[in-house]
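Shown next: upload13.txt, containing compact mmCIF, C-alpha atoms.
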# COMPACT_ATOMS: atom_id res chain seq x y z
CA MET A 1 115.84 79.24 85.05
CA SER A 2 115.85 80.26 88.70
CA ASP A 3 119.37 81.68 88.36
CA ALA A 4 118.31 83.83 85.43
CA THR A 5 115.27 85.04 87.36
CA PHE A 6 117.43 85.83 90.35
CA GLU A 7 119.91 87.75 88.21
CA TRP A 8 117.12 89.79 86.69
CA VAL A 9 115.62 90.54 90.13
CA ARG A 10 119.04 91.40 91.53
CA SER A 11 119.78 93.76 88.67
CA ARG A 12 116.40 95.49 88.94
CA PHE A 13 116.62 95.90 92.71
CA ALA A 14 120.11 97.33 92.37
CA GLU A 15 118.76 99.84 89.88
CA VAL A 16 115.70 100.82 91.95
CA LEU A 17 117.59 101.02 95.23
CA GLU A 18 120.74 102.52 93.68
CA VAL A 19 123.04 99.91 95.26
CA GLU A 20 125.66 97.54 93.87
CA PRO A 21 124.17 94.27 92.54
CA ALA A 22 126.44 92.33 94.90
CA GLU A 23 124.54 93.81 97.81
CA VAL A 24 121.40 91.99 96.67
CA GLN A 25 121.67 88.36 97.75
CA PRO A 26 119.06 85.58 97.78
CA ASP A 27 118.69 85.81 101.53
CA SER A 28 118.61 89.61 101.62
CA ARG A 29 115.55 90.79 103.51
CA PHE A 30 113.78 93.69 101.79
CA ALA A 31 113.25 95.92 104.78
CA ASP A 32 116.01 94.91 107.18
CA ASP A 33 118.91 94.35 104.77
CA LEU A 34 118.08 96.38 101.64
CA ASP A 35 116.08 99.20 103.23
CA ALA A 36 113.47 98.62 100.53
CA ASP A 37 109.84 99.57 101.16
CA SER A 38 106.63 98.42 99.52
CA ILE A 39 106.95 101.03 96.78
CA ASP A 40 110.38 99.66 95.80
CA LEU A 41 109.03 96.12 95.80
CA ILE A 42 106.07 97.05 93.61
CA GLU A 43 108.39 98.75 91.11
CA VAL A 44 110.47 95.58 90.82
CA VAL A 45 107.42 93.31 90.61
CA ASN A 46 105.78 95.45 87.94
CA GLY A 47 108.93 95.16 85.86
CA ALA A 48 109.08 91.41 86.45
CA GLU A 49 105.48 90.99 85.33
CA LYS A 50 106.34 92.60 82.00
CA GLU A 51 109.67 90.78 81.65
CA PHE A 52 108.33 87.32 82.39
CA GLY A 53 104.75 87.69 81.21
CA VAL A 54 103.27 86.82 84.60
CA VAL A 55 100.69 88.38 86.89
CA VAL A 56 101.39 88.56 90.61
CA GLU A 57 98.34 89.04 92.81
CA GLU A 58 98.62 91.91 95.25
CA HIS A 59 98.06 89.74 98.33
CA GLU A 60 100.90 87.42 97.26
CA LEU A 61 103.35 90.25 97.89
CA TYR A 62 102.29 90.68 101.50
CA ASP A 63 104.14 87.63 102.82
CA LEU A 64 107.40 88.18 100.97
CA GLU A 65 110.41 88.85 103.16
CA THR A 66 113.48 87.94 101.08
CA VAL A 67 114.73 88.22 97.51
CA GLN A 68 114.63 84.42 97.14
CA GLU A 69 110.97 84.37 98.15
CA LEU A 70 110.22 86.83 95.36
CA VAL A 71 112.23 84.75 92.87
CA ASP A 72 110.29 81.64 93.94
CA LEU A 73 106.98 83.46 93.53
CA LEU A 74 107.92 84.59 90.03
CA GLU A 75 109.00 81.05 89.14
CA ARG A 76 105.71 79.62 90.37
CA SER A 77 103.77 82.28 88.45
CA ARG A 78 105.50 81.27 85.20
CA LYS A 79 104.34 77.68 85.40
CA MET B 1 72.67 117.05 95.89
CA GLY B 2 69.16 118.50 95.84
CA HIS B 3 69.41 119.45 99.49
CA LEU B 4 72.34 121.79 98.83
CA ASP B 5 72.59 125.43 97.83
CA ARG B 6 74.56 126.31 94.71
CA ALA B 7 77.85 126.90 96.54
CA GLY B 8 77.48 123.57 98.33
CA GLN B 9 76.79 121.76 95.07
CA GLU B 10 79.87 123.32 93.49
CA LEU B 11 81.97 122.29 96.46
CA LYS B 12 80.79 118.70 96.19
CA GLN B 13 81.40 118.59 92.44
CA HIS B 14 84.85 120.05 92.97
CA GLN B 15 85.69 117.36 95.49
CA ALA B 16 84.41 114.55 93.25
CA ALA B 17 86.52 115.98 90.42
CA ASN B 18 89.57 116.12 92.71
CA PHE B 19 89.33 112.41 93.39
CA ASP B 20 88.57 111.46 89.80
CA GLN B 21 91.64 113.44 88.73
CA LEU B 22 93.69 111.71 91.37
CA ALA B 23 92.48 108.33 90.05
CA GLU B 24 93.68 109.32 86.57
CA THR B 25 97.04 110.38 87.97
CA ILE B 26 97.53 107.14 89.89
CA ALA B 27 96.43 105.12 86.85
CA GLU B 28 99.42 106.52 84.98
CA THR B 29 101.86 105.17 87.58
CA PRO B 30 103.00 101.56 88.08
CA PHE B 31 101.18 101.58 91.43
CA ASP B 32 97.58 101.84 90.27
CA ARG B 33 96.24 98.48 91.44
CA HIS B 34 98.23 98.68 94.68
CA VAL B 35 96.95 102.06 95.89
CA ARG B 36 93.99 101.25 98.11
CA PHE B 37 94.20 104.06 100.65
CA LEU B 38 94.11 107.82 100.34
CA ASN B 39 94.31 108.77 104.00
CA PHE B 40 97.12 110.11 106.16
CA GLY B 41 97.46 107.03 108.35
CA TYR B 42 98.32 106.48 112.01
CA ALA B 43 101.87 105.88 113.24
CA VAL B 44 102.26 103.92 116.45
CA LEU B 45 104.34 106.09 118.79
CA ASP B 46 106.96 104.99 121.30
CA GLY B 47 105.37 103.28 124.27
CA GLU B 48 102.16 102.57 122.40
CA ALA B 49 101.02 99.11 121.28
CA PRO B 50 99.58 98.55 117.81
CA VAL B 51 95.94 97.49 117.79
CA GLY B 52 94.00 95.09 115.60
CA PRO B 53 94.96 91.91 113.79
CA GLU B 54 98.57 91.15 112.93
CA LEU B 55 99.26 91.96 109.29
CA PRO B 56 101.59 90.04 106.96
CA ARG B 57 105.19 91.28 107.09
CA GLY B 58 105.00 92.84 103.65
CA TYR B 59 101.63 94.54 104.01
CA PRO B 60 102.24 97.86 102.27
CA ASN B 61 99.81 100.26 103.97
CA ARG B 62 100.49 99.70 107.63
CA GLU B 63 99.77 103.27 108.74
CA SER B 64 96.40 103.30 107.00
CA ALA B 65 95.55 99.86 108.39
CA GLN B 66 96.48 101.03 111.86
CA LEU B 67 94.23 104.08 111.48
CA LEU B 68 91.29 101.84 110.59
CA PHE B 69 91.98 99.35 113.39
CA ARG B 70 92.34 102.20 115.85
CA VAL B 71 88.94 103.56 114.81
CA ILE B 72 87.27 100.14 115.03
CA GLY B 73 88.77 99.55 118.48
CA ASP B 74 87.20 96.56 120.18
CA VAL B 75 83.94 96.66 118.21
CA SER B 76 83.16 93.25 116.69
CA LEU B 77 82.21 93.34 113.02
CA THR B 78 81.91 89.57 112.64
CA GLY B 79 78.73 88.68 110.81
CA ARG B 80 77.79 92.37 110.59
CA ARG B 81 76.60 94.51 107.71
CA VAL B 82 79.19 97.24 107.36
CA GLY B 83 78.90 100.42 105.30
CA GLU B 84 81.59 102.94 104.54
CA TYR B 85 80.75 106.46 103.40
CA GLY B 86 83.61 108.00 101.45
CA CYS B 87 85.18 104.59 100.79
CA GLY B 88 87.71 105.92 98.27
CA ARG B 89 89.68 103.05 96.73
CA GLY B 90 88.30 100.48 99.14
CA GLY B 91 91.29 99.77 101.38
CA ASN B 92 89.32 99.91 104.62
CA LEU B 93 86.60 97.56 103.41
CA ASP B 94 89.19 95.20 101.96
CA LEU B 95 90.82 94.97 105.39
CA ILE B 96 87.48 94.54 107.15
CA THR B 97 86.56 91.75 104.73
CA ARG B 98 89.90 89.99 105.25
CA TYR B 99 90.18 90.30 109.01
CA HIS B 100 86.74 90.88 110.53
CA GLN B 101 84.50 88.35 108.71
CA PRO B 102 81.56 90.71 108.17
CA ALA B 103 78.34 89.47 106.57
CA TYR B 104 78.78 91.96 103.73
CA VAL B 105 80.36 95.36 103.19
CA THR B 106 79.03 98.27 101.15
CA GLY B 107 81.13 101.24 100.05
CA LEU B 108 79.78 104.58 98.93
CA ASP B 109 81.81 107.31 97.26
CA ILE B 110 81.16 110.52 95.36
CA ALA B 111 84.03 109.85 92.94
CA GLY B 112 82.90 107.50 90.17
CA LYS B 113 86.42 106.42 89.26
CA ALA B 114 87.14 105.35 92.83
CA VAL B 115 83.96 103.27 92.85
CA ALA B 116 84.92 101.69 89.51
CA PHE B 117 88.35 100.79 90.94
CA CYS B 118 86.72 99.13 93.97
CA CYS B 119 84.36 97.14 91.75
CA ARG B 120 87.35 95.93 89.69
CA THR B 121 89.48 94.93 92.64
CA GLN B 122 87.14 93.41 95.23
CA ASP B 123 85.06 90.25 95.37
CA PRO B 124 81.42 91.12 94.57
CA SER B 125 80.19 88.24 96.72
CA LYS B 126 81.64 90.02 99.75
CA ALA B 127 81.63 93.71 98.87
CA GLY B 128 79.41 96.06 96.91
CA PHE B 129 80.19 99.64 95.87
CA VAL B 130 77.85 102.48 95.05
CA HIS B 131 78.50 105.82 93.38
CA GLY B 132 76.67 108.27 95.59
CA ASP B 133 76.49 111.07 98.09
CA ALA B 134 77.16 110.61 101.82
CA GLU B 135 74.70 113.43 102.49
CA ALA B 136 71.90 111.55 100.69
CA VAL B 137 72.70 107.87 101.11
CA PRO B 138 70.80 105.52 98.76
CA CYS B 139 70.29 102.87 101.47
CA ALA B 140 67.35 101.92 103.66
CA ASP B 141 66.88 102.98 107.27
CA GLY B 142 68.89 100.71 109.56
CA ALA B 143 70.70 99.12 106.60
CA PHE B 144 73.95 98.74 108.56
CA ASP B 145 75.19 97.42 111.88
CA ALA B 146 78.20 99.71 111.56
CA VAL B 147 79.19 102.65 109.38
CA VAL B 148 82.83 103.58 108.87
CA SER B 149 83.93 107.09 107.93
CA VAL B 150 87.64 107.87 107.74
CA GLU B 151 89.05 111.26 106.80
CA THR B 152 86.34 112.30 104.40
CA SER B 153 83.61 114.29 106.18
CA CYS B 154 85.83 117.37 106.49
CA THR B 155 85.12 118.05 102.81
CA TYR B 156 81.33 117.74 103.05
CA PRO B 157 79.41 120.96 102.43
CA ASP B 158 76.45 119.97 104.64
CA ILE B 159 77.82 118.03 107.58
CA GLU B 160 74.46 117.89 109.36
CA SER B 161 72.90 115.99 106.46
CA PHE B 162 75.80 113.54 106.65
CA TYR B 163 75.29 112.96 110.37
CA ARG B 164 71.55 112.51 109.84
CA GLU B 165 72.16 109.97 107.10
CA VAL B 166 74.61 108.07 109.28
CA ALA B 167 72.04 107.94 112.08
CA ARG B 168 69.26 106.93 109.70
CA THR B 169 71.19 104.06 108.17
CA ILE B 170 72.70 102.59 111.36
CA ARG B 171 70.31 100.35 113.24
CA PRO B 172 69.74 101.15 116.92
CA GLY B 173 72.57 99.51 118.85
CA GLY B 174 74.91 99.79 115.85
CA TRP B 175 78.21 101.65 115.62
CA PHE B 176 79.53 104.79 113.94
CA LEU B 177 83.29 104.30 113.48
CA TYR B 178 84.38 107.82 112.71
CA THR B 179 87.59 109.76 112.42
CA ASP B 180 88.52 112.99 110.70
CA LEU B 181 90.31 116.29 110.92
CA PHE B 182 88.20 118.87 112.79
CA GLU B 183 88.45 122.52 113.59
CA ARG B 184 88.55 122.34 117.37
CA ARG B 185 85.92 125.10 117.52
CA PHE B 186 83.51 122.80 115.70
CA LEU B 187 84.03 119.70 117.84
CA PRO B 188 81.50 120.64 120.55
CA ALA B 189 78.83 121.04 117.87
CA ALA B 190 79.73 117.67 116.30
CA ARG B 191 79.49 115.96 119.69
CA ARG B 192 76.17 117.63 120.47
CA VAL B 193 74.61 116.70 117.12
CA LEU B 194 75.76 113.11 117.38
CA ASP B 195 74.21 112.96 120.84
CA GLN B 196 70.97 114.45 119.53
CA LEU B 197 70.96 111.81 116.80
CA GLY B 198 71.18 109.06 119.40
CA PHE B 199 74.89 108.28 119.64
CA ASP B 200 76.79 107.66 122.87
CA LEU B 201 80.50 108.23 122.30
CA ALA B 202 82.60 105.28 123.48
CA GLU B 203 85.80 107.00 122.36
CA ASP B 204 86.50 110.68 121.82
CA CYS B 205 90.18 111.43 121.54
CA SER B 206 92.71 113.32 119.46
CA ILE B 207 95.19 111.30 117.39
CA SER B 208 96.85 114.30 115.75
CA ALA B 209 100.31 113.34 117.03
CA ASN B 210 100.03 109.88 115.45
CA VAL B 211 98.75 111.22 112.15
CA LEU B 212 101.50 113.83 111.97
CA ALA B 213 104.09 111.15 112.69
CA ALA B 214 102.68 109.04 109.87
CA ARG B 215 103.00 111.95 107.48
CA GLN B 216 106.56 112.64 108.60
CA ALA B 217 107.43 109.00 107.92
CA ARG B 218 105.63 108.43 104.63
CA ALA B 219 104.47 111.55 102.80
CA ALA B 220 107.64 112.47 100.93
CA ARG B 221 108.05 108.91 99.69
CA GLN B 222 104.45 108.70 98.52
CA GLN B 223 104.66 112.05 96.81
CA ALA B 224 107.80 111.00 94.95
CA ALA B 225 106.26 107.71 93.85
CA PHE B 226 102.86 108.95 92.73
CA GLY B 227 103.60 112.40 91.48
CA SER B 228 107.14 112.33 90.17
CA SER B 229 106.20 112.20 86.52
CA SER B 230 102.63 113.41 86.55
CA GLY B 231 103.16 117.15 86.86
CA VAL B 232 100.37 117.46 89.42
CA GLU B 233 100.42 119.13 92.81
CA LEU B 234 100.50 116.42 95.47
CA ASP B 235 102.13 118.31 98.35
CA ASN B 236 98.85 118.79 100.16
CA PHE B 237 97.28 115.53 99.07
CA THR B 238 100.10 113.56 100.61
CA GLY B 239 100.45 115.98 103.53
CA VAL B 240 104.16 116.34 103.00
CA VAL B 241 106.04 118.22 105.73
CA GLY B 242 105.95 121.94 104.98
CA SER B 243 102.76 121.79 102.90
CA GLU B 244 99.75 123.93 103.79
CA LEU B 245 97.82 120.81 104.75
CA TYR B 246 100.58 119.50 107.01
CA ASP B 247 100.70 122.86 108.77
CA TYR B 248 96.90 122.76 109.10
CA LEU B 249 97.14 119.29 110.68
CA ALA B 250 99.86 120.49 113.02
CA ASP B 251 98.05 123.67 114.03
CA GLU B 252 96.61 123.76 117.52
CA SER B 253 93.31 125.00 116.13
CA THR B 254 92.66 121.58 114.56
CA SER B 255 92.43 118.04 115.87
CA TYR B 256 92.43 114.73 114.05
CA GLN B 257 89.82 113.10 116.22
CA ILE B 258 88.33 109.66 116.74
CA LEU B 259 84.63 109.79 117.58
CA ARG B 260 83.43 106.21 117.97
CA GLY B 261 79.76 106.18 118.85
CA ARG B 262 77.09 103.60 119.51
CA ARG B 263 73.55 104.36 118.47
CA ARG B 264 71.42 103.96 121.54
CA PRO B 265 69.08 100.97 121.51
CA GLY B 266 65.61 102.38 120.96
CA ALA B 267 66.93 105.55 119.33
CA THR B 268 64.45 107.14 116.94
CA GLN B 269 65.00 109.43 113.97
CA ALA B 270 65.53 113.11 114.76
CA GLY B 271 62.93 115.66 113.73
CA PRO B 272 63.47 118.09 110.87
CA SER B 273 64.51 121.11 112.97
CA PRO B 274 68.12 122.15 112.27
CA LEU B 275 70.60 120.70 114.74
CA LEU B 276 73.41 123.11 113.91
CA ASP B 277 72.95 126.84 114.31
CA ASP B 278 73.92 129.24 111.53
CA GLN B 279 77.35 129.97 112.97
CA GLU B 280 78.19 126.27 113.37
CA ARG B 281 76.95 125.53 109.87
CA ARG B 282 79.11 128.33 108.45
CA LEU B 283 82.14 127.11 110.39
CA ALA B 284 81.75 123.60 108.96
CA ARG B 285 81.16 124.90 105.43
CA ASP B 286 84.19 127.18 105.54
CA GLY B 287 86.32 124.28 106.76
CA ALA B 288 85.05 122.07 103.93
CA ALA B 289 85.81 124.75 101.35
CA ARG B 290 89.32 125.07 102.71
CA ALA B 291 89.88 121.31 102.70
CA VAL B 292 88.57 120.87 99.15
CA ARG B 293 90.79 123.71 97.94
CA MET B 294 93.86 122.19 99.59
CA LEU B 295 93.12 118.74 98.12
CA ASP B 296 92.91 120.10 94.57
CA ILE B 297 95.78 118.48 92.69
CA GLY B 298 95.58 121.10 89.97
CA ARG B 299 94.87 118.92 86.97
CA ARG B 300 92.09 119.81 84.60
What is this structure when it is put down as structure tokens?
Amino acid sequence: MSDATFEWVRSRFAEVLEVEPAEVQPDSRFADDLDADSIDLIEVVNGAEKEFGVVVEEHELYDLETVQELVDLLERSRK
Amino acid sequence: MGHLDRAGQELKQHQAANFDQLAETIAETPFDRHVRFLNFGYAVLDGEAPVGPELPRGYPNRESAQLLFRVIGDVSLTGRRVGEYGCGRGGNLDLITRYHQPAYVTGLDIAGKAVAFCCRTQDPSKAGFVHGDAEAVPCADGAFDAVVSVETSCTYPDIESFYREVARTIRPGGWFLYTDLFERRFLPAARRVLDQLGFDLAEDCSISANVLAARQARAARQQAAFGSSSGVELDNFTGVVGSELYDYLADESTSYQILRGRRRPGATQAGPSPLLDDQERRLARDGAARAVRMLDIGRR
């Protein structure tokens, strides 16, 4: 399931950031590698909440640094 | 609003409507529950160290947090009763609750929808929110150990009433943690009135350069995110470079100023005689009218 979640997150980030999906890797850091800011992250998370039927608390986003950390958070939220 | 003349009442209603309209606009975006701040923020400039607690890496409103921490300075709020007049969407009090361990925080705002948002998004055991007027605060004398006011008083039609209410509701020895955009011509009057009301200023400095840098870094992005599909006018609200409000911030006739004051132990309430003269009162009112007009997002 994690792979499917990652692929969805990768695809959505690529769309929001207007980059090639291959540029979005599990260890990509939002700010340093993807040049994504909090507004980009919120756009992706809002979409993920609808896609996966989960709710992510605002403060849970604060500690995220990489794409994999977001995937893990979404996976935990689905359980 | 009973203390105000008709023009002052209209100004206050206009400002409340501005912020309620903004709440409706934000509610239509994907960012609604994430937007906690409506201020211009403070960018840390080269050679300057950030102040306050270290925030998580992904904290989204760093400039606004830095503005608050800069205003608080080294004042301890641990175990204190903290009020905020013009609390907006509650970002400052949320940060104070998370990082300063106050006894309790109370937010007051003239915009009912902002207050409703705060009530929905904050823990009622730690924070309470009241729909009300910063020029007629519904709280007891000495209710707070500290009152916060960030970028809101410049829209108040009767600034003297606001200062009197701040002094009335801060206990002697307590703190007024205050920052806003001022007409430089009015600053001497603001300092004098605060002194007359029993405040000694521990910090009195311009942070215009930091605020302008924050707008240069963030305004265009915020405007695109919050206003792209709403059809409202957010140039001034976000202070985007080239807007009338940005130019006003950048003008040498204005200063974004921190005035952090401690109410003198033993301070008593001021008498009823006016503390501002007619010219000073008019200057403040004209500034408020200009600010309220600029912050109108044009949605009715």
Find the nearest atom pair between each residue of stretch 52-141 of chain B and stretch 23-35 of chain A for residues within 12 Å, count all atoms listed in the file, give distances in Å to one decimal, sort rows by chain and ascending number, and present the table as JSON lines.
{"residue": "B:Arg57", "atom": "CA", "partner": "A:Ala31", "partner_atom": "CA", "distance": 9.6}
{"residue": "B:Gly58", "atom": "CA", "partner": "A:Ala31", "partner_atom": "CA", "distance": 8.9}
{"residue": "B:Tyr59", "atom": "CA", "partner": "A:Ala31", "partner_atom": "CA", "distance": 11.7}
{"residue": "B:Pro60", "atom": "CA", "partner": "A:Ala31", "partner_atom": "CA", "distance": 11.5}
Check the smallest atom-to-atom distance from each of B:Leu212, B:Ala284, B:Ala225, B:Leu234 to chain A using only C-alpha atoms, then report the winner.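 Answer, going by the shortest atom-to-atom distance: B:Ala225.
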Chain A near chain B within 6 Å: what's each residue's closest atom pair and its distance in Å to one decimal, counting only C-alpha atoms, ordered by chain then ascending residue number, as a tab-separated table?
residue	atom	partner	partner_atom	distance
A:Ser38	CA	B:Pro60	CA	5.2
A:Tyr62	CA	B:Gly58	CA	4.1
A:Asp63	CA	B:Gly58	CA	5.3
A:Leu64	CA	B:Gly58	CA	5.9
Would you mind exporting C-alpha atoms of the selected residues as an mmCIF file, in the coordinates of the input?
data_model
loop_
_atom_site.group_PDB
_atom_site.id
_atom_site.type_symbol
_atom_site.label_atom_id
_atom_site.label_comp_id
_atom_site.auth_asym_id
_atom_site.auth_seq_id
_atom_site.Cartn_x
_atom_site.Cartn_y
_atom_site.Cartn_z
ATOM 1 C CA SER A 38 106.630 98.420 99.520
ATOM 2 C CA TYR A 62 102.290 90.680 101.500
ATOM 3 C CA ASP A 63 104.140 87.630 102.820
ATOM 4 C CA LEU A 64 107.400 88.180 100.970
#
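Note that atom CA of B:Gly142 and atom CA of B:Ile72 are 19.2 Å apart.
Closest approach to A:Thr66 among A:Trp8, A:Ala14, A:Glu20, A:Ala36: A:Ala36, based on only C-alpha atoms.
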Give me the residues near B:Asp251 as number ranges by chain, where near means some atom within 12 Å (using all atoms listed in the file) and where sequence neighbours in that chain fewer than 3 positions away do not count. B: 181-184, 208-209, 212, 244-248, 254-256
Next, write the just-selected residues to a file, as an mmCIF file, keeping the file's coordinate frame, keeping C-alpha atoms as the atom set.
data_model
loop_
_atom_site.group_PDB
_atom_site.id
_atom_site.type_symbol
_atom_site.label_atom_id
_atom_site.label_comp_id
_atom_site.auth_asym_id
_atom_site.auth_seq_id
_atom_site.Cartn_x
_atom_site.Cartn_y
_atom_site.Cartn_z
ATOM 1 C CA LEU B 181 90.310 116.290 110.920
ATOM 2 C CA PHE B 182 88.200 118.870 112.790
ATOM 3 C CA GLU B 183 88.450 122.520 113.590
ATOM 4 C CA ARG B 184 88.550 122.340 117.370
ATOM 5 C CA SER B 208 96.850 114.300 115.750
ATOM 6 C CA ALA B 209 100.310 113.340 117.030
ATOM 7 C CA LEU B 212 101.500 113.830 111.970
ATOM 8 C CA GLU B 244 99.750 123.930 103.790
ATOM 9 C CA LEU B 245 97.820 120.810 104.750
ATOM 10 C CA TYR B 246 100.580 119.500 107.010
ATOM 11 C CA ASP B 247 100.700 122.860 108.770
ATOM 12 C CA TYR B 248 96.900 122.760 109.100
ATOM 13 C CA THR B 254 92.660 121.580 114.560
ATOM 14 C CA SER B 255 92.430 118.040 115.870
ATOM 15 C CA TYR B 256 92.430 114.730 114.050
#
Distance in Å - atom CA of B:Gly90 versus atom CA of B:Asp145: 18.5 Å
Would you mind reading off the distance between atom CA of B:Val105 and atom CA of B:Tyr42, one decimal, in Å? 22.9 Å
Please provide as an mmCIF file with C-alpha atoms, in the coordinates of the input all residues within 6 Å of B:Thr155, with the sequence filter that same-chain residues fewer than 3 positions apart are discarded (counting only C-alpha atoms).
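Writing the result to selection.cif gives the following:
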data_model
loop_
_atom_site.group_PDB
_atom_site.id
_atom_site.type_symbol
_atom_site.label_atom_id
_atom_site.label_comp_id
_atom_site.auth_asym_id
_atom_site.auth_seq_id
_atom_site.Cartn_x
_atom_site.Cartn_y
_atom_site.Cartn_z
ATOM 1 C CA ALA B 288 85.050 122.070 103.930
ATOM 2 C CA ALA B 291 89.880 121.310 102.700
ATOM 3 C CA VAL B 292 88.570 120.870 99.150
#
Which polymer residues, whether protein, DNA or RNA, lie within 9 Å of the coordinate (99.9, 92.7, 95.0) when you count all atoms listed in the file? List them as an MDAnalysis selection string, using the chain letters and numbers from the file. (chainID A and resid 42 45 56:62) or (chainID B and resid 33:34)
Set up a box along x, y and z of the file covering all listed atoms of stretch 40-57 of chain B, add 3 Å on every one of the six sides, and write the centre and edge lengths in Å to one decimal, as lines of an AutoDock Vina configuration file.
center_x = 100.5
center_y = 100.1
center_z = 115.2
size_x = 19.0
size_y = 26.1
size_z = 24.1
Compare B:Ile159, B:Ala220, B:Val51, B:Val150 by their minimum atom-to-atom distance to B:Thr179, counting only C-alpha atoms, and give me the closest one.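 That would be B:Val150, the residue with the smallest distance to B:Thr179.
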Nearby residues (all atoms listed in the file) at most 9 Å from A:Phe52, same-chain spacing under 2 positions excluded, as a PyMOL selection string: chain A and resi 5+47-50+54-55+74+78
Given all atoms listed in the file as the basis, pick out the residue of B:Phe37, B:Phe19, B:Tyr104, B:Phe199 nearest to B:Gly128.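 Smallest separation from B:Gly128 among the options: B:Tyr104.
Using all atoms listed in the file, the shortest contact distance between B:Asp20 and any of B:Ile297, B:Ala250, B:Leu177, B:Ile207 is found at B:Ile297.
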